[in-house]
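Below is query_15.json, which holds JSON, C-alpha atoms.
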```json
[["chain", "number", "residue", "atom", "x", "y", "z"],
["A", 116, "MET", "CA", -1.02, 8.86, 36.03],
["A", 117, "ASP", "CA", -0.01, 9.87, 32.52],
["A", 118, "PRO", "CA", -2.70, 8.76, 30.04],
["A", 119, "ASN", "CA", 0.00, 7.89, 27.54],
["A", 120, "SER", "CA", 1.45, 5.37, 29.93],
["A", 121, "VAL", "CA", -1.94, 3.66, 30.12],
["A", 122, "THR", "CA", -2.29, 3.26, 26.35],
["A", 123, "ALA", "CA", 1.34, 2.19, 26.05],
["A", 124, "THR", "CA", 0.61, -0.95, 28.09],
["A", 125, "ARG", "CA", -2.17, -2.06, 25.77],
["A", 126, "LEU", "CA", 0.15, -3.78, 23.34],
["A", 127, "PRO", "CA", -1.01, -6.73, 21.22],
["A", 128, "SER", "CA", -0.08, -10.25, 22.27],
["A", 129, "ARG", "CA", 2.81, -12.08, 20.66],
["A", 130, "ALA", "CA", 0.44, -14.08, 18.44],
["A", 131, "ASP", "CA", -1.37, -10.90, 17.37],
["A", 132, "THR", "CA", 1.97, -9.21, 16.67],
["A", 133, "VAL", "CA", 3.05, -12.09, 14.43],
["A", 134, "GLY", "CA", -0.28, -11.93, 12.60],
["A", 135, "ILE", "CA", -0.03, -8.18, 12.09],
["A", 136, "TRP", "CA", 3.52, -8.46, 10.77],
["A", 137, "ALA", "CA", 2.40, -11.23, 8.38],
["A", 138, "PHE", "CA", -0.41, -8.96, 7.20],
["A", 139, "MET", "CA", 2.05, -6.11, 6.63],
["A", 140, "VAL", "CA", 4.41, -8.33, 4.62],
["A", 141, "ALA", "CA", 1.50, -9.60, 2.53],
["A", 142, "GLY", "CA", 0.31, -6.03, 1.97],
["A", 143, "THR", "CA", 3.74, -5.00, 0.74],
["A", 144, "GLY", "CA", 3.69, -7.92, -1.68],
["A", 145, "ILE", "CA", 0.24, -6.93, -2.96],
["A", 146, "VAL", "CA", 1.43, -3.39, -3.70],
["A", 147, "ALA", "CA", 4.49, -4.71, -5.52],
["A", 148, "TRP", "CA", 2.31, -7.09, -7.56],
["A", 149, "ALA", "CA", -0.13, -4.30, -8.49],
["A", 150, "VAL", "CA", 2.56, -1.82, -9.49],
["A", 151, "VAL", "CA", 4.72, -4.30, -11.43],
["A", 152, "GLY", "CA", 1.65, -5.74, -13.16],
["A", 153, "ALA", "CA", 0.45, -2.29, -14.19],
["A", 154, "VAL", "CA", 3.88, -1.32, -15.53],
["A", 155, "LEU", "CA", 4.13, -4.57, -17.53],
["A", 156, "ARG", "CA", 0.65, -4.17, -19.01],
["A", 157, "ILE", "CA", 1.30, -0.55, -19.98],
["A", 158, "THR", "CA", 4.68, -1.46, -21.49],
["A", 159, "ASP", "CA", 3.13, -4.32, -23.43],
["A", 160, "ALA", "CA", 0.32, -2.12, -24.77],
["A", 161, "LEU", "CA", 2.75, 0.58, -25.90],
["A", 162, "SER", "CA", 5.39, -1.69, -27.42],
["A", 163, "SER", "CA", 3.69, -4.91, -28.55],
["A", 164, "PRO", "CA", 2.52, -5.17, -32.18],
["A", 165, "GLU", "CA", -0.76, -6.65, -30.89],
["A", 166, "VAL", "CA", -2.84, -5.26, -28.02],
["A", 167, "ARG", "CA", -4.91, -7.68, -25.91],
["A", 168, "VAL", "CA", -8.09, -6.14, -24.53],
["A", 169, "LEU", "CA", -10.78, -7.71, -22.36],
["A", 170, "ALA", "CA", -14.23, -6.77, -23.66],
["A", 171, "GLU", "CA", -17.80, -7.44, -22.59],
["A", 172, "PHE", "CA", -20.45, -8.51, -25.08],
["A", 173, "ALA", "CA", -24.19, -7.94, -25.03],
["A", 174, "GLY", "CA", -25.56, -11.32, -26.10],
["A", 175, "THR", "CA", -23.40, -11.58, -29.22],
["A", 176, "PRO", "CA", -23.76, -14.93, -31.04],
["A", 177, "ALA", "CA", -20.59, -16.82, -31.93],
["A", 178, "GLU", "CA", -19.28, -20.34, -32.54],
["A", 179, "ALA", "CA", -16.85, -22.41, -30.50],
["A", 180, "PRO", "CA", -15.22, -25.76, -31.43],
["A", 181, "ILE", "CA", -16.70, -27.65, -28.49],
["A", 182, "GLY", "CA", -18.87, -30.18, -30.36],
["A", 183, "PRO", "CA", -17.97, -33.79, -31.24],
["A", 184, "GLY", "CA", -14.64, -33.89, -33.01],
["A", 185, "GLY", "CA", -14.22, -30.15, -32.51],
["A", 186, "ALA", "CA", -17.35, -29.27, -34.43],
["A", 187, "PRO", "CA", -18.46, -25.64, -34.03],
["A", 188, "VAL", "CA", -21.33, -25.03, -31.65],
["A", 189, "ALA", "CA", -23.36, -21.84, -31.39],
["A", 190, "ILE", "CA", -22.71, -19.94, -28.17],
["A", 191, "GLU", "CA", -23.47, -16.52, -26.74],
["A", 192, "LEU", "CA", -20.51, -14.35, -25.79],
["A", 193, "ASP", "CA", -20.46, -12.68, -22.41],
["A", 194, "ARG", "CA", -16.85, -11.53, -22.43],
["A", 195, "ALA", "CA", -13.75, -12.29, -24.47],
["A", 196, "PHE", "CA", -10.29, -10.98, -25.28],
["A", 197, "LEU", "CA", -9.90, -8.86, -28.40],
["A", 198, "PHE", "CA", -6.63, -8.60, -30.28],
["A", 199, "THR", "CA", -5.93, -5.50, -32.32],
["A", 200, "ASP", "CA", -2.80, -4.10, -33.90],
["A", 201, "GLU", "CA", -3.58, -0.58, -32.69],
["A", 202, "LEU", "CA", -5.88, 1.33, -30.37],
["A", 203, "PRO", "CA", -7.27, 4.81, -31.02],
["A", 204, "GLY", "CA", -5.42, 7.52, -29.13],
["A", 205, "PRO", "CA", -8.14, 8.15, -26.49],
["A", 206, "SER", "CA", -8.50, 4.42, -25.84],
["A", 207, "LEU", "CA", -4.76, 4.01, -25.42],
["A", 208, "VAL", "CA", -4.74, 6.88, -22.93],
["A", 209, "ALA", "CA", -7.68, 5.25, -21.11],
["A", 210, "LEU", "CA", -5.73, 1.97, -20.94],
["A", 211, "VAL", "CA", -2.75, 3.69, -19.35],
["A", 212, "LEU", "CA", -4.99, 5.59, -16.94],
["A", 213, "SER", "CA", -6.90, 2.43, -15.96],
["A", 214, "GLU", "CA", -3.68, 0.65, -15.04],
["A", 215, "ILE", "CA", -2.44, 3.68, -13.12],
["A", 216, "ALA", "CA", -5.78, 3.98, -11.32],
["A", 217, "PHE", "CA", -5.65, 0.31, -10.36],
["A", 218, "ALA", "CA", -2.09, 0.49, -9.04],
["A", 219, "VAL", "CA", -2.65, 3.78, -7.20],
["A", 220, "SER", "CA", -5.90, 2.65, -5.56],
["A", 221, "VAL", "CA", -4.36, -0.63, -4.40],
["A", 222, "ALA", "CA", -1.26, 1.17, -3.11],
["A", 223, "ALA", "CA", -3.37, 3.78, -1.29],
["A", 224, "VAL", "CA", -5.58, 1.19, 0.40],
["A", 225, "VAL", "CA", -2.67, -1.00, 1.46],
["A", 226, "ALA", "CA", -0.55, 1.97, 2.60],
["A", 227, "CYS", "CA", -3.35, 3.19, 4.87],
["A", 228, "LEU", "CA", -3.86, -0.28, 6.31],
["A", 229, "LEU", "CA", -0.11, -0.71, 6.86],
["A", 230, "LEU", "CA", 0.02, 2.56, 8.77],
["A", 231, "LEU", "CA", -2.99, 1.42, 10.78],
["A", 232, "SER", "CA", -1.23, -1.88, 11.52],
["A", 233, "ALA", "CA", 1.92, -0.06, 12.62],
["A", 234, "SER", "CA", -0.17, 2.04, 14.99],
["A", 235, "THR", "CA", -1.78, -1.12, 16.36],
["A", 236, "LEU", "CA", 1.65, -2.61, 17.05],
["A", 237, "ARG", "CA", 2.36, 0.42, 19.23],
["A", 238, "GLY", "CA", -0.83, -0.26, 21.18],
["A", 239, "ARG", "CA", -2.88, 2.55, 19.67],
["A", 240, "VAL", "CA", -5.95, 1.35, 17.78],
["A", 241, "PHE", "CA", -8.47, 4.18, 18.15],
["A", 242, "SER", "CA", -7.22, 7.65, 17.34],
["A", 243, "ARG", "CA", -8.12, 10.53, 15.07],
["A", 244, "ARG", "CA", -5.26, 9.59, 12.75],
["A", 245, "ASN", "CA", -6.42, 5.98, 12.50],
["A", 246, "THR", "CA", -9.99, 7.08, 11.78],
["A", 247, "ARG", "CA", -8.70, 9.18, 8.89],
["A", 248, "LEU", "CA", -6.65, 6.23, 7.62],
["A", 249, "VAL", "CA", -9.70, 3.96, 7.60],
["A", 250, "ALA", "CA", -11.80, 6.59, 5.81],
["A", 251, "THR", "CA", -9.05, 7.22, 3.25],
["A", 252, "ALA", "CA", -8.58, 3.51, 2.57],
["A", 253, "GLY", "CA", -12.30, 3.02, 2.02],
["A", 254, "THR", "CA", -12.60, 6.05, -0.25],
["A", 255, "ALA", "CA", -9.58, 5.01, -2.32],
["A", 256, "GLY", "CA", -11.01, 1.53, -2.74],
["A", 257, "LEU", "CA", -14.40, 2.83, -3.85],
["A", 258, "VAL", "CA", -12.89, 5.33, -6.31],
["A", 259, "GLY", "CA", -10.62, 2.67, -7.80],
["A", 260, "ALA", "CA", -13.47, 0.16, -8.09],
["A", 261, "ALA", "CA", -15.49, 2.72, -10.07],
["A", 262, "ALA", "CA", -12.72, 4.26, -12.19],
["A", 263, "VAL", "CA", -10.99, 1.10, -13.40],
["A", 264, "PRO", "CA", -14.01, -0.57, -15.11],
["A", 265, "PHE", "CA", -15.13, 2.77, -16.55],
["A", 266, "LEU", "CA", -11.75, 3.33, -18.20],
["A", 267, "ALA", "CA", -11.53, -0.32, -19.26],
["A", 268, "ASN", "CA", -14.87, 0.07, -21.04],
["A", 269, "MET", "CA", -13.41, 2.99, -23.03],
["A", 270, "VAL", "CA", -10.48, 0.77, -24.02],
["A", 271, "ALA", "CA", -12.79, -2.03, -25.16],
["A", 272, "ASN", "CA", -14.96, 0.33, -27.20],
["A", 273, "GLY", "CA", -11.83, 1.62, -28.94],
["A", 274, "ALA", "CA", -10.78, -1.93, -29.76],
["A", 275, "PHE", "CA", -14.24, -2.70, -31.17],
["A", 276, "ALA", "CA", -14.11, 0.43, -33.32],
["A", 277, "ARG", "CA", -10.63, -0.40, -34.61],
["A", 278, "ILE", "CA", -11.42, -4.02, -35.47],
["A", 279, "SER", "CA", -14.80, -3.38, -37.11],
["A", 280, "ASP", "CA", -14.07, 0.05, -38.61],
["A", 281, "GLY", "CA", -16.82, 1.40, -36.42],
["A", 282, "GLU", "CA", -19.50, -0.95, -37.84],
["A", 283, "PHE", "CA", -19.94, -3.17, -34.77],
["A", 284, "ASP", "CA", -21.96, -1.41, -32.09],
["A", 285, "ASN", "CA", -21.31, -3.16, -28.79],
["A", 286, "VAL", "CA", -21.13, -0.22, -26.41],
["A", 287, "LEU", "CA", -21.81, -1.84, -23.07],
["A", 288, "MET", "CA", -21.40, -0.14, -19.74],
["A", 289, "SER", "CA", -23.46, -1.88, -17.11],
["A", 290, "VAL", "CA", -22.97, -0.77, -13.53],
["A", 291, "ASP", "CA", -24.42, -2.73, -10.64],
["A", 292, "LEU", "CA", -24.85, -0.10, -7.95],
["A", 293, "MET", "CA", -25.65, -2.53, -5.14],
["A", 294, "PRO", "CA", -22.03, -3.64, -4.51],
["A", 295, "PHE", "CA", -20.94, 0.00, -4.37],
["A", 296, "VAL", "CA", -23.77, 0.89, -2.01],
["A", 297, "LEU", "CA", -22.91, -2.04, 0.26],
["A", 298, "ALA", "CA", -19.19, -1.22, 0.12],
["A", 299, "ALA", "CA", -19.87, 2.44, 0.93],
["A", 300, "PHE", "CA", -22.10, 1.35, 3.82],
["A", 301, "VAL", "CA", -19.37, -0.93, 5.19],
["A", 302, "VAL", "CA", -16.78, 1.85, 4.91],
["A", 303, "ALA", "CA", -19.12, 4.26, 6.67],
["A", 304, "ILE", "CA", -19.82, 1.77, 9.48],
["A", 305, "ILE", "CA", -16.12, 1.02, 10.04],
["A", 306, "THR", "CA", -15.20, 4.70, 9.97],
["A", 307, "THR", "CA", -17.97, 5.48, 12.44],
["A", 308, "ALA", "CA", -16.85, 2.64, 14.71],
["A", 309, "PHE", "CA", -13.31, 4.03, 14.76],
["A", 310, "ALA", "CA", -14.59, 7.54, 15.43],
["A", 311, "VAL", "CA", -16.71, 6.29, 18.34],
["A", 312, "GLY", "CA", -13.84, 4.19, 19.65],
["A", 313, "GLU", "CA", -11.57, 7.22, 19.49],
["A", 314, "ARG", "CA", -13.99, 9.30, 21.56],
["A", 315, "LEU", "CA", -14.53, 6.53, 24.10],
["A", 316, "GLN", "CA", -10.79, 6.02, 24.50],
["A", 317, "ARG", "CA", -10.23, 9.76, 24.88],
["A", 318, "ASP", "CA", -12.97, 9.94, 27.52],
["A", 319, "THR", "CA", -11.54, 6.91, 29.34],
["A", 320, "GLU", "CA", -8.06, 8.41, 29.39],
["A", 321, "GLY", "CA", -9.52, 11.62, 30.78],
["A", 322, "LEU", "CA", -10.92, 9.70, 33.74],
["A", 323, "VAL", "CA", -7.59, 8.10, 34.66]]
```

Can you give me the file's structure in the form of structure tokens?
Amino acid sequence: MDPNSVTATRLPSRADTVGIWAFMVAGTGIVAWAVVGAVLRITDALSSPEVRVLAEFAGTPAEAPIGPGGAPVAIELDRAFLFTDELPGPSLVALVLSEIAFAVSVAAVVACLLLLSASTLRGRVFSRRNTRLVATAGTAGLVGAAAVPFLANMVANGAFARISDGEFDNVLMSVDLMPFVLAAFVVAIITTAFAVGERLQRDTEGLV
């Protein structure tokens, strides 16, 4: 018996097929949202007279009108939006790159998962190609998760420098490694599972 004929009969059920197609449609929408959002944010930063930048603060005291009758109350800032009429050149480049990195990483992850879903619809889950797709999706997600906040921090520091003429020192770049370690572990486990599944399926087909 032809091994290909065996794998061809292992097609997903109708309910699974509907679910996979729904996942693929949602994935396409996510990519469109990421790309359009990135283009709009880049366009706004390059053309708007005022640039809006999200910045993190290191225990900076401030006041907010949250008391009785709108009275100011002392608070401690954790993060806030800064508004500046202009960003330094390197920070503007970092802003554009951060949006591109976000859109590209999202598109890469979703594209790999869509190709994996298409392969599943054809009844082929474990294969060398699918193992590479899983590994690529995980790597793209990890790279994007690291690059985007790093570049965003450069943008925020440029906004701080522009607003305060370099007098306000709020350089803050805190990185919690545990989520990245856990994410890398999950990616490694899933990739390994697909690699093992590929070998088992290949061995099973060899016995038919």

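Counting all atoms listed in the file, region 255-262 of chain A has the following residues at most 9 Å away, ignoring those fewer than 6 positions along the same chain: Ser213, Ala216, Phe217, Ala218, Val219, Ser220, Val221, Ala223, Val224, Val290, Phe295, Ala298 and Ala299 of chain A.
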
Checklist entry - Closest to Thr251 (chain A) among A:Phe283, A:Ser163, A:Cys227, A:Gly273, using all atoms listed in the file? => result A:Cys227

Checklist outcome for this item: One decimal place gives the CA of Arg167 (chain A)-CA of Phe198 (chain A) separation as 4.8 Å

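Across A:Val270, A:Ile215, A:Val301, A:Ala276, the tightest approach to Gly253 (chain A) is made by A:Val301 when counting all atoms listed in the file.
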
Item to check | Distance criterion (all atoms listed in the file): nearest to Asp131 (chain A) out of A:Ala274, A:Leu236, A:Arg314, A:Arg247 | outcome: A:Leu236

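Take the candidates A:Ile304, A:Leu202, A:Ala267, A:Val188 and check each one against Glu165 (chain A) using only C-alpha atoms; the shortest distance goes to A:Leu202.
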
Next on the checklist: Need to verify the contact set: Val249 (chain A), 9 Å, only C-alpha atoms, exclusion of same-chain residues closer than 6 positions in sequence. Can you return it as number ranges by chain?
Outcome noted: A: 224, 227-228, 231, 302, 305-306, 309
